[in-house]
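Structure below is run.txt: compact mmCIF, C-alpha atoms.
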# COMPACT_ATOMS: atom_id res chain seq x y z
CA MET A 1 0.80 -1.64 -16.05
CA ALA A 2 -2.57 0.09 -15.62
CA ASP A 3 -4.70 -1.21 -12.78
CA PHE A 4 -7.51 -3.40 -14.07
CA ALA A 5 -10.82 -1.93 -12.89
CA ARG A 6 -14.41 -3.11 -13.06
CA SER A 7 -17.59 -1.77 -11.43
CA ALA A 8 -21.12 -3.08 -11.00
CA HIS A 9 -22.38 0.51 -11.36
CA PRO A 10 -23.05 1.26 -15.05
CA GLY A 11 -22.08 4.93 -14.75
CA VAL A 12 -18.72 4.12 -13.16
CA GLN A 13 -18.11 1.29 -15.61
CA ALA A 14 -18.80 3.59 -18.55
CA GLN A 15 -16.07 5.96 -17.36
CA LEU A 16 -13.64 3.12 -16.61
CA ASP A 17 -14.22 1.84 -20.15
CA ARG A 18 -13.43 5.31 -21.49
CA LEU A 19 -10.32 5.45 -19.33
CA SER A 20 -9.06 2.08 -20.58
CA LYS A 21 -9.42 3.28 -24.19
CA LEU A 22 -8.02 6.78 -23.74
CA SER A 23 -5.26 6.25 -21.19
CA PRO A 24 -1.89 5.06 -22.57
CA ALA A 25 -0.91 1.57 -21.49
CA GLY A 26 1.65 1.19 -18.73
CA ASP A 27 2.88 3.36 -15.88
CA ARG A 28 4.27 6.79 -16.73
CA LEU A 29 6.13 9.03 -14.32
CA GLY A 30 6.36 12.83 -14.47
CA LEU A 31 4.45 15.84 -13.18
CA GLU A 32 3.77 17.60 -16.49
CA ARG A 33 0.52 15.80 -17.33
CA ILE A 34 -0.97 15.90 -13.82
CA SER A 35 -0.06 19.61 -13.57
CA ALA A 36 -1.79 20.41 -16.84
CA LEU A 37 -4.82 18.31 -15.95
CA LEU A 38 -5.26 19.92 -12.54
CA GLU A 39 -4.97 23.39 -14.08
CA ARG A 40 -7.94 22.55 -16.30
CA LEU A 41 -9.83 21.26 -13.26
CA GLY A 42 -9.37 24.49 -11.30
CA ARG A 43 -6.34 23.45 -9.17
CA PRO A 44 -8.22 21.35 -6.59
CA GLN A 45 -4.91 20.72 -4.79
CA ASP A 46 -5.04 24.31 -3.54
CA ALA A 47 -8.31 23.63 -1.67
CA LEU A 48 -7.11 20.64 0.36
CA PRO A 49 -6.83 20.53 4.16
CA PRO A 50 -3.34 19.84 5.61
CA VAL A 51 -1.72 17.00 3.66
CA LEU A 52 0.26 14.06 5.08
CA HIS A 53 2.27 12.43 2.26
CA VAL A 54 3.63 8.86 2.56
CA ALA A 55 6.11 7.04 0.29
CA GLY A 56 7.95 3.72 0.61
CA THR A 57 8.27 0.27 -0.93
CA ASN A 58 6.64 -1.83 1.80
CA GLY A 59 4.51 -0.52 4.64
CA LYS A 60 3.34 2.80 3.25
CA GLY A 61 -0.27 1.62 3.05
CA SER A 62 -0.19 0.37 6.63
CA THR A 63 1.37 3.66 7.73
CA VAL A 64 -1.51 5.46 6.04
CA ALA A 65 -3.95 3.22 7.93
CA PHE A 66 -2.34 4.10 11.26
CA LEU A 67 -2.33 7.82 10.40
CA ARG A 68 -6.00 7.71 9.50
CA ALA A 69 -6.93 5.74 12.63
CA ALA A 70 -5.06 8.13 14.93
CA LEU A 71 -6.50 11.26 13.34
CA GLU A 72 -10.03 9.89 13.40
CA ALA A 73 -9.60 8.74 17.00
CA ALA A 74 -8.68 12.36 17.77
CA GLY A 75 -11.97 13.50 16.24
CA HIS A 76 -10.65 14.74 12.89
CA LYS A 77 -12.35 14.22 9.55
CA VAL A 78 -9.85 12.72 7.11
CA HIS A 79 -9.61 12.34 3.34
CA VAL A 80 -7.49 9.38 2.17
CA PHE A 81 -6.12 8.43 -1.26
CA THR A 82 -4.50 5.00 -1.63
CA SER A 83 -3.64 2.57 -4.41
CA PRO A 84 -4.20 0.13 -5.85
CA HIS A 85 -7.75 -0.88 -5.07
CA LEU A 86 -8.43 -4.51 -4.22
CA VAL A 87 -12.00 -5.04 -5.45
CA ARG A 88 -13.63 -1.68 -6.26
CA PHE A 89 -12.06 1.49 -7.66
CA ASN A 90 -13.95 3.38 -4.90
CA GLU A 91 -11.48 2.03 -2.31
CA ARG A 92 -8.88 4.50 -3.56
CA ILE A 93 -10.87 7.57 -2.50
CA ARG A 94 -12.15 7.97 1.06
CA ILE A 95 -13.90 11.32 1.60
CA ALA A 96 -14.07 12.52 5.21
CA GLY A 97 -14.13 8.92 6.42
CA ARG A 98 -16.37 7.30 3.79
CA LEU A 99 -15.56 5.61 0.51
CA ILE A 100 -16.71 7.69 -2.44
CA GLY A 101 -20.17 6.72 -3.70
CA ASP A 102 -20.75 5.39 -7.20
CA GLU A 103 -22.79 8.36 -8.45
CA GLN A 104 -20.21 10.89 -7.30
CA LEU A 105 -17.35 8.76 -8.61
CA ALA A 106 -18.94 8.45 -12.06
CA GLU A 107 -19.52 12.21 -12.22
CA ILE A 108 -15.97 13.09 -11.16
CA LEU A 109 -14.33 10.53 -13.43
CA GLU A 110 -16.29 11.93 -16.38
CA ARG A 111 -15.15 15.44 -15.52
CA VAL A 112 -11.51 14.41 -15.13
CA ILE A 113 -11.40 12.29 -18.29
CA ASP A 114 -13.06 15.10 -20.28
CA GLY A 115 -10.49 17.52 -18.83
CA GLY A 116 -7.66 15.26 -19.94
CA SER A 117 -8.44 15.56 -23.64
CA GLY A 118 -5.16 16.09 -25.49
CA ILE A 119 -3.08 15.53 -22.34
CA GLU A 120 -3.33 11.71 -22.32
CA PRO A 121 -3.06 11.25 -18.55
CA SER A 122 -2.28 7.78 -17.26
CA PHE A 123 -4.72 5.64 -15.28
CA PHE A 124 -3.04 6.65 -12.02
CA GLU A 125 -2.96 10.33 -12.95
CA VAL A 126 -6.70 10.26 -13.60
CA ALA A 127 -7.27 8.47 -10.28
CA THR A 128 -5.14 11.06 -8.45
CA ALA A 129 -6.93 13.97 -10.08
CA ALA A 130 -10.32 12.43 -9.30
CA ALA A 131 -9.35 12.07 -5.65
CA LEU A 132 -8.16 15.68 -5.39
CA VAL A 133 -11.36 16.96 -7.03
CA ALA A 134 -13.45 14.89 -4.61
CA PHE A 135 -11.47 16.07 -1.59
CA ALA A 136 -11.60 19.73 -2.60
CA GLY A 137 -15.40 19.62 -2.62
CA THR A 138 -15.84 18.33 0.94
CA PRO A 139 -14.57 19.94 4.16
CA ALA A 140 -12.14 17.88 6.26
CA ASP A 141 -9.37 18.42 8.77
CA ALA A 142 -6.62 16.41 7.07
CA CYS A 143 -5.77 14.65 3.82
CA ILE A 144 -3.51 11.60 3.58
CA LEU A 145 -1.93 10.80 0.21
CA GLU A 146 -0.13 7.53 -0.50
CA VAL A 147 2.50 7.66 -3.24
CA GLY A 148 1.74 5.33 -6.11
CA LEU A 149 5.21 4.69 -7.58
CA GLY A 150 8.50 6.22 -6.50
CA GLY A 151 7.93 9.71 -5.15
CA ARG A 152 9.79 12.45 -6.98
CA LEU A 153 7.81 12.04 -10.22
CA ASP A 154 4.68 10.47 -8.77
CA ALA A 155 1.40 12.26 -9.50
CA THR A 156 0.72 12.74 -5.77
CA ASN A 157 3.89 14.85 -5.55
CA ILE A 158 1.96 17.73 -7.09
CA ILE A 159 1.34 19.00 -3.55
CA ASP A 160 3.62 22.00 -2.99
CA LYS A 161 3.51 22.28 0.79
CA PRO A 162 2.36 19.21 2.72
CA LEU A 163 2.08 19.35 6.49
CA VAL A 164 4.43 16.40 7.00
CA THR A 165 5.94 13.64 4.88
CA GLY A 166 7.12 10.12 5.65
CA ILE A 167 9.01 7.25 4.02
CA ALA A 168 8.30 3.67 5.09
CA ASN A 169 10.53 0.63 4.48
CA LEU A 170 12.56 0.50 1.28
CA ALA A 171 13.31 -2.48 -0.96
CA LEU A 172 13.99 -3.33 -4.59
CA ASP A 173 10.75 -3.08 -6.58
CA HIS A 174 9.67 -1.44 -9.84
CA GLN A 175 13.32 -1.47 -10.90
CA GLN A 176 12.31 -0.73 -14.51
CA PHE A 177 11.24 2.73 -13.31
CA LEU A 178 13.32 3.39 -10.20
CA GLY A 179 16.60 1.67 -10.96
CA LYS A 180 18.35 -1.42 -9.61
CA ARG A 181 20.21 0.16 -6.69
CA LEU A 182 18.57 0.73 -3.32
CA ASP A 183 20.25 4.10 -2.81
CA GLY A 184 18.83 5.27 -6.15
CA ILE A 185 15.36 4.07 -5.17
CA ALA A 186 15.79 5.89 -1.86
CA ALA A 187 16.58 9.12 -3.70
CA GLU A 188 13.41 8.78 -5.78
CA LYS A 189 11.29 8.18 -2.68
CA ALA A 190 12.93 11.13 -0.94
CA GLY A 191 11.74 13.30 -3.80
CA ILE A 192 8.59 13.97 -1.77
CA ALA A 193 10.70 16.12 0.59
CA LYS A 194 9.71 19.80 0.61
CA GLU A 195 11.38 22.92 1.94
CA GLY A 196 10.65 23.48 5.62
CA VAL A 197 8.48 20.34 5.85
CA PRO A 198 9.29 17.50 8.31
CA LEU A 199 10.32 14.23 6.63
CA ALA A 200 10.11 11.27 9.02
CA THR A 201 11.85 8.10 7.83
CA GLN A 202 12.64 4.60 8.97
CA LEU A 203 16.11 3.29 9.83
CA TYR A 204 18.05 2.22 6.72
CA PRO A 205 21.58 1.02 5.90
CA PRO A 206 24.05 3.93 6.02
CA THR A 207 24.39 4.34 2.24
CA VAL A 208 20.60 4.39 1.81
CA GLY A 209 19.93 6.68 4.76
CA GLY A 210 22.75 8.93 3.66
CA ARG A 211 21.21 9.34 0.22
CA ILE A 212 17.86 10.28 1.74
CA GLY A 213 19.63 12.78 3.96
CA GLU A 214 21.35 14.33 0.94
CA VAL A 215 18.07 14.78 -0.93
CA ALA A 216 16.34 16.15 2.16
CA HIS A 217 19.16 18.65 2.66
CA GLU A 218 19.09 19.71 -1.00
CA ARG A 219 15.37 20.38 -0.74
CA GLY A 220 15.54 22.13 2.63
CA ALA A 221 13.37 19.53 4.38
CA LEU A 222 13.59 18.77 8.10
CA TRP A 223 14.91 15.20 8.02
CA LEU A 224 13.80 13.07 10.99
CA PRO A 225 15.34 9.58 10.75
CA ARG A 226 14.49 6.77 13.13
CA GLY A 227 17.40 6.08 15.44
CA SER A 228 18.19 9.78 15.76
CA SER A 229 15.27 12.24 15.85
CA TRP A 230 12.94 9.49 17.06
CA ASP A 231 13.08 5.80 17.84
CA ALA A 232 10.81 2.89 18.71
CA ILE A 233 10.99 -0.73 19.76
CA ALA A 234 8.37 -3.45 20.32
CA ARG A 235 9.10 -5.04 23.67
CA GLN A 236 7.15 -6.82 26.41
CA GLY A 237 3.81 -6.36 24.71
CA LYS A 238 4.28 -2.60 24.20
CA LEU A 239 5.35 -0.30 21.41
CA ARG A 240 7.86 1.93 23.15
CA TYR A 241 8.36 5.22 21.31
CA ARG A 242 10.50 8.23 22.12
CA ASP A 243 11.40 11.62 20.61
CA GLU A 244 12.35 15.08 21.90
CA LEU A 245 8.82 15.49 23.28
CA GLY A 246 9.20 12.47 25.54
CA ALA A 247 8.50 8.73 25.68
CA LEU A 248 5.28 6.82 25.03
CA ASP A 249 4.20 3.28 25.87
CA LEU A 250 1.58 2.30 23.29
CA PRO A 251 -0.22 -1.01 22.68
CA ILE A 252 1.19 -3.39 20.09
CA PRO A 253 -0.72 -2.95 16.82
CA ARG A 254 -3.62 -5.29 16.13
CA LEU A 255 -2.45 -5.74 12.53
CA ARG A 256 -0.50 -9.00 12.24
CA GLY A 257 3.23 -9.09 11.56
CA ARG A 258 6.11 -7.84 13.68
CA TYR A 259 6.94 -5.20 11.07
CA GLN A 260 3.61 -3.43 11.70
CA ALA A 261 4.98 -1.99 14.94
CA MET A 262 7.49 0.10 12.98
CA ASN A 263 4.86 1.17 10.45
CA ALA A 264 2.78 2.38 13.38
CA ALA A 265 5.80 4.10 14.91
CA LEU A 266 6.43 5.99 11.66
CA ALA A 267 2.85 7.25 11.75
CA VAL A 268 3.35 8.35 15.37
CA ALA A 269 6.55 10.18 14.40
CA MET A 270 4.80 12.00 11.57
CA LEU A 271 1.98 13.12 13.82
CA ARG A 272 4.31 14.12 16.67
CA HIS A 273 6.43 16.30 14.39
CA GLN A 274 3.65 18.57 13.20
CA SER A 275 1.70 21.09 15.26
CA GLU A 276 -1.39 21.92 13.19
CA LEU A 277 -3.44 18.83 14.04
CA THR A 278 -3.95 17.92 17.69
CA VAL A 279 -3.54 14.19 18.29
CA PRO A 280 -3.44 13.21 21.99
CA THR A 281 -1.69 10.12 23.28
CA SER A 282 -5.07 8.47 23.83
CA ALA A 283 -5.75 8.71 20.08
CA LEU A 284 -2.34 7.23 19.25
CA SER A 285 -3.10 4.34 21.60
CA ALA A 286 -6.54 3.82 20.07
CA ALA A 287 -5.03 3.77 16.57
CA MET A 288 -3.02 0.67 17.42
CA GLY A 289 -6.28 -1.27 17.70
CA TRP A 290 -8.39 0.68 15.21
CA ALA A 291 -6.09 0.58 12.18
CA ASP A 292 -7.30 -1.81 9.52
CA TRP A 293 -5.63 -2.56 6.19
CA PRO A 294 -7.12 -5.39 4.08
CA ALA A 295 -4.91 -8.08 2.52
CA ARG A 296 -2.08 -7.53 4.97
CA LEU A 297 -1.85 -10.86 6.80
CA GLN A 298 -5.63 -10.72 6.93
CA LYS A 299 -7.32 -13.77 8.41
CA LEU A 300 -10.23 -14.38 6.08
CA SER A 301 -13.74 -14.68 7.46
CA PRO A 302 -15.98 -17.65 6.71
CA GLY A 303 -17.41 -17.19 3.24
CA PRO A 304 -18.15 -18.70 -0.18
CA LEU A 305 -14.46 -19.24 -1.02
CA VAL A 306 -13.01 -19.99 2.38
CA GLY A 307 -15.79 -21.90 4.07
CA ARG A 308 -14.54 -22.26 7.64
CA ARG A 309 -10.93 -22.97 6.80
CA GLU A 310 -7.95 -21.18 8.34
CA ILE A 311 -6.72 -18.97 5.51
CA PHE A 312 -4.53 -15.86 5.66
CA LEU A 313 -4.21 -13.38 2.80
CA ASP A 314 -1.38 -10.98 2.02
CA GLY A 315 -0.78 -8.81 -1.01
CA GLY A 316 3.00 -8.62 -0.65
CA HIS A 317 4.77 -8.76 -4.02
CA ASN A 318 8.54 -8.48 -3.60
CA PRO A 319 11.28 -10.52 -1.87
CA SER A 320 11.58 -8.11 1.04
CA ALA A 321 7.89 -8.49 1.85
CA ALA A 322 8.16 -12.27 1.36
CA ARG A 323 10.85 -12.55 4.02
CA GLN A 324 8.61 -10.84 6.56
CA ILE A 325 5.55 -12.91 5.61
CA ALA A 326 7.52 -16.15 5.77
CA LEU A 327 8.75 -15.20 9.23
CA PHE A 328 5.13 -14.71 10.33
CA ALA A 329 4.12 -18.06 8.82
CA ARG A 330 7.00 -19.90 10.50
CA HIS A 331 5.83 -18.75 13.93
CA GLU A 332 2.07 -18.76 13.33
CA PHE A 333 1.96 -22.29 11.91
CA GLU A 334 4.78 -23.82 13.92
CA GLY A 335 4.40 -27.59 13.98
CA ARG A 336 1.58 -27.57 11.41
CA PRO A 337 2.23 -28.21 7.69
CA MET A 338 1.29 -25.01 5.85
CA ARG A 339 0.22 -24.67 2.22
CA LEU A 340 1.07 -21.60 0.14
CA VAL A 341 -1.16 -20.41 -2.72
CA PHE A 342 0.98 -18.17 -4.92
CA ALA A 343 0.84 -16.01 -8.04
CA SER A 344 3.13 -13.37 -9.53
CA LEU A 345 2.82 -10.57 -12.04
CA ALA A 346 5.11 -10.94 -15.04
CA THR A 347 7.15 -7.91 -13.90
CA LYS A 348 8.02 -9.34 -10.49
CA ASP A 349 10.64 -11.72 -9.05
CA PRO A 350 8.82 -14.96 -8.17
CA GLN A 351 11.92 -16.91 -7.21
CA GLY A 352 12.93 -14.15 -4.83
CA MET A 353 9.46 -14.25 -3.31
CA LEU A 354 9.37 -18.03 -3.01
CA GLU A 355 12.83 -18.70 -1.57
CA PRO A 356 11.95 -17.46 1.96
CA PHE A 357 9.23 -20.13 2.15
CA LYS A 358 11.64 -23.05 1.80
CA ASP A 359 11.21 -25.18 4.94
CA VAL A 360 8.10 -23.10 5.81
CA ALA A 361 5.56 -24.22 3.19
CA GLU A 362 4.91 -27.95 2.81
CA ARG A 363 3.71 -27.39 -0.77
CA VAL A 364 3.04 -24.41 -3.02
CA HIS A 365 -0.06 -24.19 -5.21
CA MET A 366 0.47 -21.96 -8.25
CA VAL A 367 -2.38 -19.97 -9.76
CA PRO A 368 -2.82 -17.25 -12.40
CA ILE A 369 -3.97 -13.67 -11.77
CA PRO A 370 -7.11 -13.10 -13.86
CA ASP A 371 -6.96 -10.22 -16.37
CA HIS A 372 -3.29 -9.42 -15.67
CA ALA A 373 0.00 -10.30 -17.33
CA CYS A 374 1.40 -12.91 -14.96
CA PHE A 375 3.64 -15.95 -14.77
CA ALA A 376 1.93 -19.13 -15.95
CA PRO A 377 1.33 -21.57 -13.07
CA ASP A 378 3.39 -24.28 -14.83
CA ASP A 379 6.33 -21.88 -15.11
CA LEU A 380 5.99 -21.02 -11.42
CA VAL A 381 6.16 -24.73 -10.57
CA GLU A 382 9.55 -24.90 -12.28
CA ILE A 383 10.73 -21.73 -10.52
CA ALA A 384 9.60 -23.14 -7.17
CA GLY A 385 11.61 -26.29 -7.85
CA ASN A 386 14.70 -24.13 -8.39
CA ALA A 387 14.00 -22.57 -4.99
CA GLY A 388 13.81 -26.00 -3.33
CA LEU A 389 10.01 -26.11 -3.01
CA THR A 390 7.48 -28.73 -4.04
CA ALA A 391 4.71 -27.20 -6.13
CA GLU A 392 1.76 -27.92 -8.39
CA ALA A 393 -0.20 -25.81 -10.87
CA HIS A 394 -3.90 -24.94 -10.87
CA ASP A 395 -6.24 -22.95 -13.08
CA SER A 396 -7.69 -20.85 -10.24
CA VAL A 397 -7.60 -20.16 -6.52
CA GLU A 398 -10.76 -22.25 -6.16
CA ASP A 399 -9.03 -25.23 -7.76
CA ALA A 400 -5.97 -24.74 -5.58
CA LEU A 401 -8.00 -24.70 -2.38
CA ALA A 402 -9.92 -27.80 -3.49
CA ALA A 403 -6.59 -29.65 -3.72
CA ILE A 404 -5.52 -28.70 -0.19
CA PRO A 405 -6.58 -30.76 2.84
CA GLY A 406 -9.33 -28.98 4.76
CA ASP A 407 -7.39 -28.96 8.04
CA ALA A 408 -4.19 -27.46 6.60
CA PRO A 409 -3.53 -23.75 7.29
CA VAL A 410 -3.24 -21.74 4.07
CA LEU A 411 -1.46 -18.53 3.14
CA ILE A 412 -2.41 -16.81 -0.13
CA PHE A 413 0.40 -14.52 -1.25
CA GLY A 414 2.15 -12.84 -4.16
CA SER A 415 0.06 -9.98 -5.53
CA LEU A 416 -2.45 -7.35 -4.44
CA TYR A 417 -4.39 -8.17 -7.60
CA LEU A 418 -4.62 -11.80 -6.52
CA ALA A 419 -5.73 -10.58 -3.08
CA GLY A 420 -8.53 -8.60 -4.72
CA VAL A 421 -9.74 -11.70 -6.56
CA VAL A 422 -9.78 -13.66 -3.30
CA LEU A 423 -11.65 -10.99 -1.34
CA ALA A 424 -14.27 -10.65 -4.08
CA ALA A 425 -14.78 -14.42 -4.26
CA ASN A 426 -15.20 -14.58 -0.49
CA ASP A 427 -17.67 -11.64 -0.37
CA GLN A 428 -15.23 -9.53 1.69
CA VAL A 429 -15.29 -6.27 -0.25
CA PRO A 430 -13.38 -3.53 1.66
CA THR A 431 -15.65 -0.79 3.02
What would the structure in this file look like if it were written as structure tokens?
Amino acid sequence: MADFARSAHPGVQAQLDRLSKLSPAGDRLGLERISALLERLGRPQDALPPVLHVAGTNGKGSTVAFLRAALEAAGHKVHVFTSPHLVRFNERIRIAGRLIGDEQLAEILERVIDGGSGIEPSFFEVATAAALVAFAGTPADACILEVGLGGRLDATNIIDKPLVTGIANLALDHQQFLGKRLDGIAAEKAGIAKEGVPLATQLYPPTVGGRIGEVAHERGALWLPRGSSWDAIARQGKLRYRDELGALDLPIPRLRGRYQAMNAALAVAMLRHQSELTVPTSALSAAMGWADWPARLQKLSPGPLVGRREIFLDGGHNPSAARQIALFARHEFEGRPMRLVFASLATKDPQGMLEPFKDVAERVHMVPIPDHACFAPDDLVEIAGNAGLTAEAHDSVEDALAAIPGDAPVLIFGSLYLAGVVLAANDQVPT
């Protein structure tokens, strides 16, 4: 599914309209189209600063946020490409610390779309090419690329020799593209491994970790799994990290959720296993408080949608993420009846996402995701009933919140696209 995109800038919107008409519907994997497109654009990937490449099912965006925070705390200028955007397409492309401006974005999108004539690049391939063109035109010390889907055949995997690579947590997602077995998904993610390049990974079940190790070995990468080459644990208010260089006691990340400590640790491992960019311990410590990643257990600020209510927002969209979010909710709202506002894309597993909230959410309020193929709220009510939850359907997030008592804590969950709708309605556009 192509990412729905709208812009208040007429020049950007004109190019997004062209892209929606010219780009084939749906996700497409493979490096042939992005290779051909970048050749026409002068191979901008050859003009990038050192690249840090991050894959994973859950946590790769947060890992990118920690990498960026640490590098910037060390005084480095950093390019960052992430996906999807929440409110504005510009969020995908951060040039030397700043989101790309509308005028520059419109100009680059026009150039990339023109260059794609006859190639038919996908939405994500155009976004990737636009980011690389933007990055190649501005000096920086580092470039962080987040994989969009999978790894081996993802458009970001066009980089021949990254400085370091990393794989965050793995779970079943996008099975229609990556397969229904976790070891197969792991192999696809490990496809970002490159000869002679460090590949830092999390700790996985033996069959999954073993498959990553096999792919890393085949590609000649330097595999650095947690639990062996490096390790970390959150204990007594500290993130305790160790590798062959020694041990570190870092602050616990400011980002909510126990799992964020291991996302931060992966970023530390990636930075500690490269030697081109200097990142002192003080910068790693600062990153724990500096890192920011919207729609990840984000407590919403007072605004037009929220008012002054206690509302948390998370863009998680698979059962693995749901289990972690439900664990947070169980502890955060202990003793207080919590309401869940939920939506799901048509390609996802809503029952798997709802089941962890049994005995956590007092009631679930089902909503649609505007402009996306999604489960109808009435259908989600039936699915919730099968999962042992009480639920009701609404036409919008606004209607759902109006039906919830003002003193009840609320968690909005189920899709990054839903998260974008919520942030826009509350005037909290990521910057």
Subject >> Polymer residues at most 7 Å from stretch 272-275 of chain A, only C-alpha atoms, same-chain spacing of 6 or more positions, as a PyMOL selection string >> reply: chain A and resi 163-164+198
Original post:
What is the distance between atom CA of A:Arg98 and atom CA of A:Val54, in Å to one decimal?
Top reply: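 Value for the atom CA of A:Arg98-atom CA of A:Val54 distance: 20.1 Å.
Using only C-alpha atoms, the nearest neighbour of A:Arg92 within the list A:Ser396, A:Thr128, A:Asn58, A:Ser20 is A:Thr128.
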**OP:** Identify, on the basis of only C-alpha atoms, every residue whose closest approach to A:Pro49 does not exceed 7 Å; exclude the query and any residue fewer than 3 positions from it along the same chain; express the result as a list in words.
**Re:**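 These residues fall inside the cut-off: Ala140, Asp141, Ala142 and Cys143 of chain A.
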Can you build me a table of stretch 65-94 of chain A residues sitting at most 12 Å from stretch 398-420 of chain A, with the closest atom pair per residue and its distance in Å to one decimal, using only C-alpha atoms, sorted by chain and residue number, as a tab-separated table?
residue	atom	partner	partner_atom	distance
A:Ser83	CA	A:Leu416	CA	10.0
A:Pro84	CA	A:Leu416	CA	7.8
A:His85	CA	A:Gly420	CA	7.8
A:Leu86	CA	A:Gly420	CA	4.1
A:Val87	CA	A:Gly420	CA	5.0
A:Arg88	CA	A:Gly420	CA	8.7
A:Phe89	CA	A:Gly420	CA	11.1
A:Glu91	CA	A:Gly420	CA	11.3
Subject >> Nearby residues (all atoms listed in the file) at most 12 Å from stretch 315-319 of chain A, same-chain spacing under 3 positions excluded, as a ChimeraX atom specification >> reply: /A:57-59,61-62,84-86,170-175,293-298,312,322-326,341-357,411-423
Original post:
Got a sec: who's within 12 Å of stretch 26-36 of chain A, counting only C-alpha atoms, leaving out chain neighbours fewer than 2 positions off, as a VMD selection string?
Top reply: chain A and resid 1 to 4 20 23 to 24 38 to 45 112 to 113 115 to 130 132 147 to 160 174 176 to 178 188 191 347 373
**OP:** For each of A:Gly97, A:Gly213, A:Pro368, A:Gly166, take the minimum atom-to-atom distance to A:Ala55, counting only C-alpha atoms, then give the residue where this is smallest.
**Re:** A:Gly166
Original post:
Nearest to A:Gln260 among A:Val381, A:Leu340, A:Ile192, A:Ala65, with distances taken over all atoms listed in the file: which residue is it?
Top reply: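 Closest residue, counting all atoms listed in the file: A:Ala65.
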